[in-house]
Amino acid sequence: MEVVKKNFFSGITFLVVLVLLLPILFIVRFSFDINYEEINYFINSKLVEYVKNTLKIALFTSLFSIILGVVPAYIISIYNVRYSRVWDLLMILPLSIPCYIMSFIYADFFGFQGLFFNFLSSIQINIMFDVLKIEFLSLFFALSLFPYLYVTSRISFNLIGNNYLELSKTLGLTRFEILKKVILPLSFSGIYSGLLLVIMEVFNEYGAVHYFGIETFSNGIFKYWFSLDNKNISLLLSLILIIIILFFLYLNVIASKVSKNISKTKLILIGSVRKKSIKSYHYIFLFLPVFLGFFFPFILVLKGAIASVQNYNFVEIIQPTINTIFLGTLSSFLIVFTSFYILKSNLFNKSSFTNFFSILLTSGYAIPGAIIGLSIMLGIEYLGIGTGFLIGSISVLVYSYLFRFISVSFFSLKSSFDRQPITLDEQAKILKMNYIQRVLKLHIPLSKFALIYAAILIFVDVAKELPLTLILRPFNFETLATQTYQYANEEMLSQSSIYSLTLIVICAILLIIAQNILNKHELLRNKKN
């Protein structure tokens with residue numbers, strides 16, 4: 001009977017994973033239909049520009065993110081910083097502002113008719129520069145994305161063994177040498193994992209690069225698919241971008257292997273061996289990322305919303321807000337439920353076959369929304385007559401979110417499951433509890449913090465997602481993200497302010513709740529240990 005149950009759950013799990021992997025399978029299938037002779041001119045003339053611009057933005061954004069994220073993480077981890085938990089909370093708030101909104105806000109502020117140049121003119125200073133450049137766009141991206149690096153770097157710095165630091169001091173290394181030769185090499189894997197998230201977000205970004213007029217892969221996929229009706233070039237760009245993404249993922253595998261080869265015996269949190277009190281100038285490195293990444297843009301968008309309050313029809317704002325909350329709630333529930341089922345099924349069955357495909361499923365977050373949307377549209381067309389009703393439906397939109405964001409839930413839940421006793425299920429079986437009873441009475445209560453935390457993170461990601469929503473949303477179905485983009489794209493930034501403000505407030509509140517849940521979870525773990 002037990003074998004029959006395992007086979008049943010394995011079969012169901014495999015079917016679920018296979019359905020979720022369809023976007024990848026569609027891309028592979030349609031890649032064979034590309035007529036390279038027809039797009040030979042594009043390959044020879046325009047492709048290099050797309051590759052160069054995309055990698056250039058990724059490089060500059062990575063450099064800026066390292067400065068804004070890694071440096072504060074190092075200071076808070078090494079020095080005795082007062083209210084470190086408050087700083088931890090403040091450092092993640094910029095994630096509540098999507099890249100495209102951050103770019104719209106700063107582009108308006110530094111535009112030729114913006115507040116910055118008007119102020120300079122009022123004091124008779126004539127300095128002009130064009131903010132719509134790759135370098136500025138990369139900085140704006142970094143202001144929104146550096147929390148990824150901050151979080152992963154903070155964890156890595158906190159887990160450096162005391163013996164490494166004491167040995168470094170014995171060898172007479174200076175603090176800079178310890179940072180260069182000990183701390184950074186030991187933390188490289190964690191830093192790169194955060195950097196990888198930043199790079200993936202840059203590859204996914206469409207709204208800002210389109211507004212700035214920069215030719216990137218995401219912008220090109222939209223342009224050639226919707227404006228120029230050239231599926232061949234859209235598919236080609238998708239394939240090349242996937243190859244580039246696989247390269248970065250391969251580097252992450254190498255970094256993880258190198259990290260595992262480094263011994264971390266006698267692990268003591270670095271926070272327990274801080275050397276000196278923080279200097280006053282260190283607070284500059286803590287304050288600037290928070291101020292430029294959250295408070296300053298929040299003040300600007302709040303100012304724009306207040307200035308244009310008489311032009312708003314607040315009834316029109318309610319529906320996009322309801323749509324955003326509806327999509328976020330429905331998607332987060334389905335994604336958390338699906339990932340919980342897949343992970344528990346894998347633990348129950350211990351099938352290497354389904355486990356492999358489950359791991360493959362987590363690659364969805366690395367694939368930009370434009371590619372996922374394109375593959376789903378092509379897949380619906382490929383399935384033929386009788387599937388046309390799926391185009392522009394809520395179900396397909398939620399399905400695309402499920403594929404793209406399930407890895408967020410996977411990693412949160414898996415870390416919780418790994419800390420649960422291995423013998424838990426065996427003891428429950430002795431008490432004659434069936435699988436459903438074990439899940440309801442044991443696994444869900446033990447994983448409640450991870451479930452809520454994962455649901456909140458997915459809600460925020462869905463609320464901010466733009467490319468997927470633009471491609472697959474139903475007709476006349478607007479969210480806060482799409483409304484913000486459409487008004488900004490039409491140079492109506494004042495009208496977009498209220499939608500931006502609403503989205504930022506919702507995401508900021510949820511991120512604060514998520515951070516408090518995480519802190520509470522860690523506190524309980526420390527008490528148990």
# chains A, B, ... in the order shown; residues from 1 in each chain; ligands from 1
call {"tool": "closest_atom_pairs", "arguments": {"of": "stretch 31-86 of chain A", "to": "stretch 206-228 of chain A", "cutoff": "10 Å", "atoms": "only C-alpha atoms", "output": "CSV"}}
result
residue,atom,partner,partner_atom,distance
A:Lys46,CA,A:Glu215,CA,9.3
A:Leu47,CA,A:Phe217,CA,9.2
A:Glu49,CA,A:Glu215,CA,7.2
A:Tyr50,CA,A:Thr216,CA,4.9
A:Val51,CA,A:Thr216,CA,7.2
A:Lys52,CA,A:Thr216,CA,8.4
A:Asn53,CA,A:Thr216,CA,5.9
A:Thr54,CA,A:Thr216,CA,5.0
A:Leu55,CA,A:Thr216,CA,8.8
A:Lys56,CA,A:Thr216,CA,9.8
A:Ile57,CA,A:Thr216,CA,9.0
call {"tool": "residues_around", "arguments": {"residues": "stretch 309-323 of chain A", "least_positions_apart": "5", "cutoff": "12 Å", "atoms": "only C-alpha atoms", "output": "number ranges by chain"}}
result
A: 301-304, 328-331, 394, 462-463, 469, 473-474, 476-484, 492, 494-506
call {"tool": "closest_residue", "arguments": {"among": "A:Asn204, A:Gln427, A:Asn232, A:Asn44", "to": "A:Tyr100", "atoms": "only C-alpha atoms"}}
result
A:Asn204
call {"tool": "atom_distance", "arguments": {"atom1": "atom CA of A:Trp87", "atom2": "atom CA of A:Phe296"}}
result
16.6 Å
call {"tool": "closest_residue", "arguments": {"among": "A:Leu446, A:Ile105, A:Ile367, A:Ile34", "to": "A:Phe141", "atoms": "only C-alpha atoms"}}
result
A:Ile105
call {"tool": "residues_around", "arguments": {"residues": "A:Phe30", "least_positions_apart": "4", "cutoff": "12 Å", "atoms": "only C-alpha atoms", "output": "MDAnalysis selection string"}}
result
chainID A and resid 23:26 34:35 231:236 238:239 374:379 381:382
call {"tool": "residues_around", "arguments": {"residues": "A:Glu201", "least_positions_apart": "4", "cutoff": "8 Å", "atoms": "only C-alpha atoms", "output": "CSV table (one decimal) with C-alpha atoms, in the first residue's frame"}}
result
chain,number,residue,atom,x,y,z
A,145,LEU,CA,18.4,46.1,-6.5
A,197,LEU,CA,19.8,38.0,-8.6
A,205,GLU,CA,13.7,44.8,-17.0
A,368,PRO,CA,13.1,37.1,-18.1
